[in-house]
>>> print(open('target36.txt').read())   # compact mmCIF, N, CA and C atoms
# COMPACT_ATOMS: atom_id res chain seq x y z
N MET E 1 1.60 -3.51 8.06
CA MET E 1 1.46 -2.86 6.79
C MET E 1 1.53 -3.91 5.69
N LEU E 2 0.69 -3.77 4.68
CA LEU E 2 0.68 -4.69 3.54
C LEU E 2 1.08 -3.94 2.28
N TYR E 3 2.10 -4.45 1.59
CA TYR E 3 2.51 -3.91 0.29
C TYR E 3 2.13 -4.92 -0.77
N VAL E 4 1.37 -4.47 -1.77
CA VAL E 4 0.88 -5.33 -2.85
C VAL E 4 1.51 -4.88 -4.16
N ASP E 5 2.23 -5.81 -4.81
CA ASP E 5 2.86 -5.50 -6.10
C ASP E 5 3.15 -6.81 -6.81
N ASP E 6 2.95 -6.83 -8.12
CA ASP E 6 3.23 -8.04 -8.89
C ASP E 6 4.68 -8.12 -9.34
N ASP E 7 5.44 -7.05 -9.18
CA ASP E 7 6.84 -7.01 -9.63
C ASP E 7 7.77 -7.39 -8.48
N PRO E 8 8.44 -8.54 -8.58
CA PRO E 8 9.32 -8.97 -7.48
C PRO E 8 10.45 -7.99 -7.21
N ASN E 9 10.91 -7.27 -8.23
CA ASN E 9 11.97 -6.28 -8.02
C ASN E 9 11.48 -5.11 -7.18
N ASP E 10 10.25 -4.66 -7.43
CA ASP E 10 9.69 -3.57 -6.63
C ASP E 10 9.46 -4.02 -5.19
N LEU E 11 9.01 -5.26 -5.00
CA LEU E 11 8.84 -5.79 -3.65
C LEU E 11 10.18 -5.81 -2.91
N LEU E 12 11.22 -6.28 -3.60
CA LEU E 12 12.55 -6.35 -2.99
C LEU E 12 13.07 -4.96 -2.65
N LEU E 13 12.90 -4.01 -3.57
CA LEU E 13 13.37 -2.64 -3.31
C LEU E 13 12.69 -2.02 -2.11
N PHE E 14 11.37 -2.23 -2.00
CA PHE E 14 10.67 -1.64 -0.86
C PHE E 14 11.07 -2.33 0.44
N ARG E 15 11.25 -3.64 0.40
CA ARG E 15 11.76 -4.35 1.59
C ARG E 15 13.10 -3.77 2.01
N SER E 16 13.97 -3.54 1.03
CA SER E 16 15.30 -2.98 1.31
C SER E 16 15.18 -1.59 1.91
N ALA E 17 14.29 -0.77 1.36
CA ALA E 17 14.08 0.58 1.88
C ALA E 17 13.60 0.52 3.33
N CYS E 18 12.70 -0.39 3.63
CA CYS E 18 12.21 -0.55 5.01
C CYS E 18 13.33 -1.00 5.94
N HIS E 19 14.18 -1.90 5.45
CA HIS E 19 15.30 -2.39 6.25
C HIS E 19 16.30 -1.25 6.51
N LEU E 20 16.63 -0.51 5.47
CA LEU E 20 17.58 0.61 5.62
C LEU E 20 17.06 1.67 6.57
N THR E 21 15.77 1.90 6.53
CA THR E 21 15.13 2.93 7.34
C THR E 21 14.87 2.44 8.76
N GLN E 22 14.92 1.14 8.95
CA GLN E 22 14.63 0.51 10.24
C GLN E 22 13.26 0.92 10.77
N VAL E 23 12.26 0.73 9.91
CA VAL E 23 10.89 1.06 10.30
C VAL E 23 10.43 0.18 11.45
N SER E 24 9.45 0.64 12.17
CA SER E 24 8.95 -0.14 13.30
C SER E 24 7.78 -1.03 12.91
N PHE E 25 7.16 -0.77 11.74
CA PHE E 25 6.04 -1.61 11.35
C PHE E 25 6.52 -2.95 10.79
N ARG E 26 5.62 -3.92 10.85
CA ARG E 26 5.90 -5.24 10.29
C ARG E 26 5.39 -5.25 8.85
N LEU E 27 6.31 -5.42 7.91
CA LEU E 27 5.96 -5.41 6.50
C LEU E 27 5.50 -6.79 6.06
N GLN E 28 4.30 -6.84 5.49
CA GLN E 28 3.78 -8.03 4.84
C GLN E 28 3.67 -7.70 3.36
N VAL E 29 3.85 -8.69 2.51
CA VAL E 29 3.75 -8.44 1.08
C VAL E 29 2.79 -9.44 0.44
N ALA E 30 2.18 -8.98 -0.64
CA ALA E 30 1.34 -9.84 -1.47
C ALA E 30 1.78 -9.62 -2.91
N ALA E 31 2.02 -10.72 -3.60
CA ALA E 31 2.52 -10.67 -4.98
C ALA E 31 1.35 -10.63 -5.95
N GLY E 32 0.64 -9.52 -5.98
CA GLY E 32 -0.47 -9.36 -6.92
C GLY E 32 -1.81 -9.22 -6.23
N GLY E 33 -2.80 -8.85 -7.04
CA GLY E 33 -4.13 -8.57 -6.52
C GLY E 33 -4.84 -9.75 -5.92
N VAL E 34 -4.75 -10.91 -6.55
CA VAL E 34 -5.44 -12.10 -6.03
C VAL E 34 -4.85 -12.49 -4.68
N GLN E 35 -3.53 -12.47 -4.57
CA GLN E 35 -2.90 -12.80 -3.29
C GLN E 35 -3.26 -11.76 -2.23
N ALA E 36 -3.40 -10.51 -2.62
CA ALA E 36 -3.79 -9.47 -1.67
C ALA E 36 -5.18 -9.74 -1.10
N ILE E 37 -6.11 -10.10 -1.96
CA ILE E 37 -7.47 -10.41 -1.50
C ILE E 37 -7.45 -11.62 -0.58
N ASN E 38 -6.68 -12.65 -0.93
CA ASN E 38 -6.55 -13.81 -0.03
C ASN E 38 -6.00 -13.40 1.32
N TYR E 39 -4.99 -12.55 1.31
CA TYR E 39 -4.39 -12.07 2.56
C TYR E 39 -5.44 -11.30 3.37
N LEU E 40 -6.07 -10.32 2.73
CA LEU E 40 -7.01 -9.46 3.45
C LEU E 40 -8.23 -10.23 3.96
N ALA E 41 -8.64 -11.26 3.23
CA ALA E 41 -9.78 -12.07 3.65
C ALA E 41 -9.38 -13.16 4.65
N GLY E 42 -8.08 -13.34 4.86
CA GLY E 42 -7.60 -14.37 5.77
C GLY E 42 -7.85 -15.76 5.23
N GLU E 43 -7.67 -15.93 3.94
CA GLU E 43 -7.92 -17.22 3.29
C GLU E 43 -6.62 -17.92 2.90
N ALA E 44 -6.76 -19.23 2.71
CA ALA E 44 -5.66 -20.09 2.22
C ALA E 44 -4.45 -19.94 3.13
N ALA E 45 -3.30 -19.62 2.57
CA ALA E 45 -2.05 -19.55 3.33
C ALA E 45 -2.05 -18.42 4.36
N PHE E 46 -3.05 -17.54 4.31
CA PHE E 46 -3.10 -16.37 5.19
C PHE E 46 -4.16 -16.50 6.29
N ALA E 47 -4.61 -17.70 6.56
CA ALA E 47 -5.69 -17.93 7.52
C ALA E 47 -5.26 -17.63 8.97
N ASP E 48 -3.99 -17.76 9.27
CA ASP E 48 -3.50 -17.52 10.63
C ASP E 48 -3.39 -16.01 10.86
N ARG E 49 -4.38 -15.44 11.54
CA ARG E 49 -4.40 -13.99 11.76
C ARG E 49 -3.33 -13.53 12.74
N ALA E 50 -2.80 -14.40 13.56
CA ALA E 50 -1.69 -14.01 14.42
C ALA E 50 -0.45 -13.70 13.58
N GLN E 51 -0.27 -14.45 12.53
CA GLN E 51 0.88 -14.25 11.65
C GLN E 51 0.57 -13.27 10.51
N HIS E 52 -0.67 -13.23 10.08
CA HIS E 52 -1.10 -12.39 8.95
C HIS E 52 -2.25 -11.49 9.38
N ALA E 53 -1.94 -10.54 10.24
CA ALA E 53 -2.96 -9.65 10.78
C ALA E 53 -3.55 -8.74 9.70
N VAL E 54 -4.78 -8.30 9.93
CA VAL E 54 -5.38 -7.31 9.04
C VAL E 54 -4.47 -6.07 9.12
N PRO E 55 -4.03 -5.57 7.98
CA PRO E 55 -3.04 -4.48 8.01
C PRO E 55 -3.64 -3.15 8.48
N ASP E 56 -2.76 -2.30 9.03
CA ASP E 56 -3.17 -0.97 9.44
C ASP E 56 -2.86 0.07 8.36
N PHE E 57 -2.27 -0.39 7.26
CA PHE E 57 -1.99 0.46 6.10
C PHE E 57 -1.77 -0.44 4.90
N ILE E 58 -2.24 -0.02 3.72
CA ILE E 58 -2.04 -0.79 2.49
C ILE E 58 -1.37 0.10 1.46
N LEU E 59 -0.27 -0.38 0.93
CA LEU E 59 0.44 0.26 -0.17
C LEU E 59 0.19 -0.61 -1.39
N LEU E 60 -0.49 -0.07 -2.39
CA LEU E 60 -1.07 -0.88 -3.45
C LEU E 60 -0.63 -0.44 -4.84
N ASP E 61 0.04 -1.35 -5.55
CA ASP E 61 0.39 -1.08 -6.94
C ASP E 61 -0.89 -0.99 -7.75
N LEU E 62 -0.89 -0.17 -8.76
CA LEU E 62 -2.08 0.04 -9.56
C LEU E 62 -2.15 -0.90 -10.76
N LYS E 63 -1.08 -1.02 -11.48
CA LYS E 63 -1.06 -1.79 -12.74
C LYS E 63 -0.57 -3.21 -12.47
N MET E 64 -1.51 -4.14 -12.37
CA MET E 64 -1.18 -5.56 -12.14
C MET E 64 -2.10 -6.40 -13.02
N PRO E 65 -1.62 -7.55 -13.47
CA PRO E 65 -2.49 -8.44 -14.25
C PRO E 65 -3.55 -9.08 -13.35
N GLY E 66 -4.63 -9.52 -13.95
CA GLY E 66 -5.71 -10.13 -13.16
C GLY E 66 -6.42 -9.04 -12.37
N TRP E 67 -6.41 -9.18 -11.06
CA TRP E 67 -6.99 -8.16 -10.19
C TRP E 67 -6.00 -6.99 -10.12
N ASP E 68 -6.36 -5.85 -10.73
CA ASP E 68 -5.47 -4.70 -10.67
C ASP E 68 -5.73 -3.91 -9.38
N GLY E 69 -5.00 -2.81 -9.23
CA GLY E 69 -5.13 -2.01 -8.01
C GLY E 69 -6.53 -1.46 -7.79
N PHE E 70 -7.22 -1.09 -8.86
CA PHE E 70 -8.59 -0.59 -8.70
C PHE E 70 -9.52 -1.70 -8.19
N ASP E 71 -9.34 -2.92 -8.69
CA ASP E 71 -10.16 -4.04 -8.22
C ASP E 71 -9.93 -4.28 -6.73
N VAL E 72 -8.67 -4.28 -6.32
CA VAL E 72 -8.34 -4.50 -4.91
C VAL E 72 -8.87 -3.34 -4.06
N LEU E 73 -8.70 -2.13 -4.54
CA LEU E 73 -9.20 -0.95 -3.83
C LEU E 73 -10.71 -1.05 -3.59
N ARG E 74 -11.46 -1.42 -4.61
CA ARG E 74 -12.92 -1.57 -4.45
C ARG E 74 -13.24 -2.65 -3.41
N TRP E 75 -12.50 -3.77 -3.44
CA TRP E 75 -12.73 -4.84 -2.47
C TRP E 75 -12.44 -4.33 -1.06
N VAL E 76 -11.32 -3.63 -0.90
CA VAL E 76 -10.94 -3.10 0.42
C VAL E 76 -12.02 -2.18 0.96
N ARG E 77 -12.52 -1.28 0.13
CA ARG E 77 -13.50 -0.30 0.60
C ARG E 77 -14.88 -0.92 0.82
N SER E 78 -15.17 -2.07 0.24
CA SER E 78 -16.46 -2.72 0.43
C SER E 78 -16.45 -3.76 1.55
N ASN E 79 -15.30 -4.03 2.13
CA ASN E 79 -15.18 -5.03 3.18
C ASN E 79 -15.16 -4.34 4.54
N CYS E 80 -16.01 -4.78 5.45
CA CYS E 80 -16.14 -4.10 6.74
C CYS E 80 -14.84 -4.10 7.56
N ALA E 81 -14.00 -5.11 7.41
CA ALA E 81 -12.75 -5.17 8.17
C ALA E 81 -11.70 -4.19 7.67
N THR E 82 -11.82 -3.75 6.43
CA THR E 82 -10.78 -2.90 5.84
C THR E 82 -11.31 -1.57 5.29
N THR E 83 -12.58 -1.33 5.41
CA THR E 83 -13.17 -0.16 4.77
C THR E 83 -12.52 1.16 5.18
N HIS E 84 -12.00 1.23 6.41
CA HIS E 84 -11.38 2.46 6.91
C HIS E 84 -9.86 2.40 6.94
N THR E 85 -9.29 1.32 6.44
CA THR E 85 -7.83 1.17 6.44
C THR E 85 -7.21 2.19 5.49
N PRO E 86 -6.27 3.00 5.97
CA PRO E 86 -5.59 3.94 5.07
C PRO E 86 -4.91 3.18 3.93
N LEU E 87 -5.03 3.73 2.72
CA LEU E 87 -4.53 3.05 1.53
C LEU E 87 -3.89 4.06 0.58
N ALA E 88 -2.71 3.71 0.10
CA ALA E 88 -2.03 4.53 -0.90
C ALA E 88 -1.85 3.73 -2.17
N LEU E 89 -2.31 4.28 -3.28
CA LEU E 89 -1.96 3.71 -4.57
C LEU E 89 -0.52 4.11 -4.82
N TYR E 90 0.29 3.14 -5.23
CA TYR E 90 1.74 3.32 -5.36
C TYR E 90 2.10 2.84 -6.75
N THR E 91 2.32 3.77 -7.67
CA THR E 91 2.36 3.40 -9.07
C THR E 91 3.27 4.30 -9.88
N GLY E 92 3.63 3.82 -11.04
CA GLY E 92 4.39 4.62 -11.99
C GLY E 92 3.48 5.47 -12.85
N SER E 93 2.19 5.29 -12.72
CA SER E 93 1.22 6.01 -13.56
C SER E 93 1.07 7.46 -13.12
N LEU E 94 1.15 8.34 -14.08
CA LEU E 94 0.85 9.75 -13.84
C LEU E 94 -0.35 10.18 -14.66
N VAL E 95 -1.13 9.20 -15.11
CA VAL E 95 -2.32 9.49 -15.91
C VAL E 95 -3.36 10.15 -15.01
N GLN E 96 -3.77 11.35 -15.37
CA GLN E 96 -4.71 12.12 -14.56
C GLN E 96 -6.00 11.35 -14.28
N ALA E 97 -6.47 10.59 -15.27
CA ALA E 97 -7.70 9.80 -15.07
C ALA E 97 -7.50 8.75 -13.98
N ASP E 98 -6.31 8.16 -13.88
CA ASP E 98 -6.02 7.18 -12.82
C ASP E 98 -6.01 7.86 -11.46
N ILE E 99 -5.44 9.04 -11.40
CA ILE E 99 -5.37 9.78 -10.13
C ILE E 99 -6.79 10.13 -9.66
N ILE E 100 -7.57 10.68 -10.55
CA ILE E 100 -8.96 11.05 -10.21
C ILE E 100 -9.76 9.82 -9.79
N ARG E 101 -9.64 8.76 -10.57
CA ARG E 101 -10.38 7.52 -10.26
C ARG E 101 -9.93 6.93 -8.93
N GLY E 102 -8.62 6.94 -8.67
CA GLY E 102 -8.11 6.41 -7.40
C GLY E 102 -8.72 7.09 -6.20
N PHE E 103 -8.74 8.42 -6.21
CA PHE E 103 -9.33 9.14 -5.09
C PHE E 103 -10.84 8.94 -5.04
N ALA E 104 -11.49 8.92 -6.21
CA ALA E 104 -12.94 8.72 -6.25
C ALA E 104 -13.35 7.37 -5.69
N GLU E 105 -12.49 6.37 -5.86
CA GLU E 105 -12.81 5.02 -5.38
C GLU E 105 -12.33 4.77 -3.95
N GLY E 106 -11.72 5.79 -3.33
CA GLY E 106 -11.43 5.67 -1.90
C GLY E 106 -9.98 5.63 -1.49
N ALA E 107 -9.03 5.84 -2.41
CA ALA E 107 -7.62 5.89 -2.01
C ALA E 107 -7.39 7.14 -1.16
N ASN E 108 -6.53 7.02 -0.16
CA ASN E 108 -6.19 8.17 0.67
C ASN E 108 -4.99 8.95 0.10
N TYR E 109 -4.15 8.22 -0.64
CA TYR E 109 -2.94 8.81 -1.21
C TYR E 109 -2.72 8.23 -2.60
N PHE E 110 -2.02 8.97 -3.44
CA PHE E 110 -1.61 8.50 -4.76
C PHE E 110 -0.14 8.88 -4.89
N ILE E 111 0.73 7.87 -4.73
CA ILE E 111 2.17 8.10 -4.66
C ILE E 111 2.85 7.49 -5.88
N THR E 112 3.67 8.28 -6.54
CA THR E 112 4.43 7.80 -7.69
C THR E 112 5.63 7.00 -7.20
N LYS E 113 5.83 5.82 -7.78
CA LYS E 113 6.97 4.99 -7.41
C LYS E 113 8.27 5.69 -7.81
N PRO E 114 9.15 5.89 -6.85
CA PRO E 114 10.43 6.51 -7.18
C PRO E 114 11.42 5.45 -7.70
N SER E 115 12.41 5.90 -8.44
CA SER E 115 13.45 4.99 -8.89
C SER E 115 14.65 5.04 -7.95
N ASP E 116 14.66 5.98 -7.04
CA ASP E 116 15.76 6.21 -6.11
C ASP E 116 15.44 5.54 -4.76
N ILE E 117 16.33 4.68 -4.29
CA ILE E 117 16.12 3.97 -3.02
C ILE E 117 16.04 4.96 -1.85
N ARG E 118 16.70 6.10 -1.96
CA ARG E 118 16.64 7.09 -0.88
C ARG E 118 15.23 7.67 -0.75
N VAL E 119 14.61 7.96 -1.89
CA VAL E 119 13.24 8.49 -1.85
C VAL E 119 12.28 7.40 -1.36
N MET E 120 12.52 6.17 -1.80
CA MET E 120 11.70 5.05 -1.33
C MET E 120 11.84 4.91 0.20
N SER E 121 13.04 5.09 0.71
CA SER E 121 13.27 5.05 2.15
C SER E 121 12.54 6.18 2.86
N ASP E 122 12.52 7.35 2.23
CA ASP E 122 11.77 8.48 2.81
C ASP E 122 10.27 8.16 2.87
N ILE E 123 9.77 7.49 1.86
CA ILE E 123 8.35 7.10 1.86
C ILE E 123 8.09 6.09 2.97
N ALA E 124 8.98 5.10 3.12
CA ALA E 124 8.82 4.11 4.19
C ALA E 124 8.87 4.79 5.56
N ARG E 125 9.77 5.74 5.71
CA ARG E 125 9.89 6.49 6.97
C ARG E 125 8.61 7.29 7.22
N ALA E 126 8.04 7.88 6.18
CA ALA E 126 6.81 8.66 6.32
C ALA E 126 5.63 7.77 6.72
N ILE E 127 5.55 6.59 6.12
CA ILE E 127 4.50 5.63 6.49
C ILE E 127 4.66 5.25 7.96
N ASP E 128 5.89 4.99 8.37
CA ASP E 128 6.18 4.63 9.76
C ASP E 128 5.74 5.75 10.71
N ALA E 129 6.01 6.99 10.34
CA ALA E 129 5.62 8.13 11.18
C ALA E 129 4.10 8.24 11.28
N CYS E 130 3.41 8.02 10.18
CA CYS E 130 1.94 8.06 10.20
C CYS E 130 1.38 6.94 11.07
N LEU E 131 1.93 5.76 10.94
CA LEU E 131 1.45 4.64 11.75
C LEU E 131 1.72 4.88 13.23
N ALA E 132 2.83 5.52 13.55
CA ALA E 132 3.18 5.80 14.94
C ALA E 132 2.18 6.76 15.59
N THR E 133 1.56 7.62 14.79
CA THR E 133 0.58 8.57 15.33
C THR E 133 -0.85 8.14 15.02
N ASN E 134 -1.01 6.90 14.56
CA ASN E 134 -2.33 6.39 14.20
C ASN E 134 -3.00 7.27 13.15
N PHE E 135 -2.18 7.79 12.24
CA PHE E 135 -2.61 8.64 11.12
C PHE E 135 -3.24 9.95 11.58
N VAL E 136 -2.90 10.39 12.79
CA VAL E 136 -3.34 11.71 13.24
C VAL E 136 -2.51 12.77 12.52
N GLN E 137 -1.21 12.51 12.37
CA GLN E 137 -0.32 13.44 11.66
C GLN E 137 0.08 12.79 10.34
N THR E 138 -0.41 13.32 9.24
CA THR E 138 -0.17 12.70 7.93
C THR E 138 0.70 13.55 7.00
N GLN E 139 1.20 14.67 7.50
CA GLN E 139 1.96 15.56 6.64
C GLN E 139 3.17 14.86 6.01
N SER E 140 3.84 14.02 6.77
CA SER E 140 5.05 13.37 6.26
C SER E 140 4.74 12.51 5.04
N LEU E 141 3.59 11.87 5.00
CA LEU E 141 3.22 11.03 3.85
C LEU E 141 2.50 11.84 2.77
N SER E 142 1.72 12.80 3.18
CA SER E 142 0.96 13.61 2.22
C SER E 142 1.87 14.35 1.25
N ARG E 143 3.09 14.64 1.67
CA ARG E 143 3.98 15.39 0.76
C ARG E 143 4.40 14.56 -0.45
N PHE E 144 4.24 13.23 -0.40
CA PHE E 144 4.56 12.36 -1.52
C PHE E 144 3.36 12.12 -2.43
N SER E 145 2.18 12.50 -1.97
CA SER E 145 0.95 12.18 -2.69
C SER E 145 0.61 13.24 -3.73
N ILE E 146 0.21 12.77 -4.89
CA ILE E 146 -0.26 13.65 -5.96
C ILE E 146 -1.75 13.88 -5.74
N ARG E 147 -2.21 15.09 -5.97
CA ARG E 147 -3.63 15.40 -5.88
C ARG E 147 -4.19 15.61 -7.27
N PRO E 148 -5.46 15.27 -7.48
CA PRO E 148 -6.06 15.49 -8.81
C PRO E 148 -6.23 16.97 -9.13
>>> encode(input="target36.txt", output="structure tokens")
Amino acid sequence: MLYVDDDPNDLLLFRSACHLTQVSFRLQVAAGGVQAINYLAGEAAFADRAQHAVPDFILLDLKMPGWDGFDVLRWVRSNCATTHTPLALYTGSLVQADIIRGFAEGANYFITKPSDIRVMSDIARAIDACLATNFVQTQSLSRFSIRP
């Protein structure tokens, strides 16, 4: 799983939530959109695919400088290696236009970032459950997703 966020505090909180939840997936992180594209393309420091595998799920912050979440989302959906990878926009934005645009551009989920570590742990647990069933059962994660 790849989590993309430019805020080091949010990255740390989600890592902590994954640790507390004892998820079975391997969490990889990218500090911003440009680093996410490098990771997904297997470029630069991410060239070793044994260590930096193409993720089976992407959790993507929306509001980032440079390449924002929409830019990364478009890249993901236009790349043959990631076009079908489940992706959740994970953001503090509740702007209806962002929600509509996110789904229109190919996001599978639109999840509001919680401020509570327990809710964040529940989200990590839900992602883990979806990955365990190869996204056949998505109810656990869908309950966190906002619909347009």
>>> atom_distance(input="target36.txt", atom1="atom N of Asp122 (chain E)", atom2="atom N of Leu13 (chain E)")
12.8 Å
>>> closest_residue(input="target36.txt", among="E:Phe135, E:Tyr90, E:Tyr109, E:Phe57", to="Leu11 (chain E)", atoms="only C-alpha atoms")
E:Tyr90
>>> closest_residue(input="target36.txt", among="E:Tyr39, E:Asp116, E:Phe70, E:Cys18", to="Arg101 (chain E)", atoms="all atoms listed in the file")
E:Phe70
>>> closest_residue(input="target36.txt", among="E:Ile146, E:Val76, E:Ala81, E:Cys130", to="Val54 (chain E)", atoms="only N, CA and C atoms")
E:Ala81
>>> closest_residue(input="target36.txt", among="E:Thr133, E:Ser145, E:Thr85, E:Thr138", to="Ile111 (chain E)", atoms="only C-alpha atoms")
E:Ser145
>>> residues_around(input="target36.txt", residues="Ala17 (chain E)", least_positions_apart="3", cutoff="6.5 Å", atoms="all atoms listed in the file", output="compact mmCIF listing (two decimals) with N, CA and C atoms, keeping the file's coordinate frame")
# COMPACT_ATOMS: atom_id res chain seq x y z
N LEU E 12 11.22 -6.28 -3.60
CA LEU E 12 12.55 -6.35 -2.99
C LEU E 12 13.07 -4.96 -2.65
N LEU E 13 12.90 -4.01 -3.57
CA LEU E 13 13.37 -2.64 -3.31
C LEU E 13 12.69 -2.02 -2.11
N PHE E 14 11.37 -2.23 -2.00
CA PHE E 14 10.67 -1.64 -0.86
C PHE E 14 11.07 -2.33 0.44
N LEU E 20 16.63 -0.51 5.47
CA LEU E 20 17.58 0.61 5.62
C LEU E 20 17.06 1.67 6.57
N THR E 21 15.77 1.90 6.53
CA THR E 21 15.13 2.93 7.34
C THR E 21 14.87 2.44 8.76
N GLN E 22 14.92 1.14 8.95
CA GLN E 22 14.63 0.51 10.24
C GLN E 22 13.26 0.92 10.77
N ILE E 117 16.33 4.68 -4.29
CA ILE E 117 16.12 3.97 -3.02
C ILE E 117 16.04 4.96 -1.85
N MET E 120 12.52 6.17 -1.80
CA MET E 120 11.70 5.05 -1.33
C MET E 120 11.84 4.91 0.20
N SER E 121 13.04 5.09 0.71
CA SER E 121 13.27 5.05 2.15
C SER E 121 12.54 6.18 2.86
N ALA E 124 8.98 5.10 3.12
CA ALA E 124 8.82 4.11 4.19
C ALA E 124 8.87 4.79 5.56
>>> residues_around(input="target36.txt", residues="Asp56 (chain E)", least_positions_apart="5", cutoff="9 Å", atoms="only C-alpha atoms", output="PyMOL selection string")
chain E and resi 1-2+82+85-87+131+134
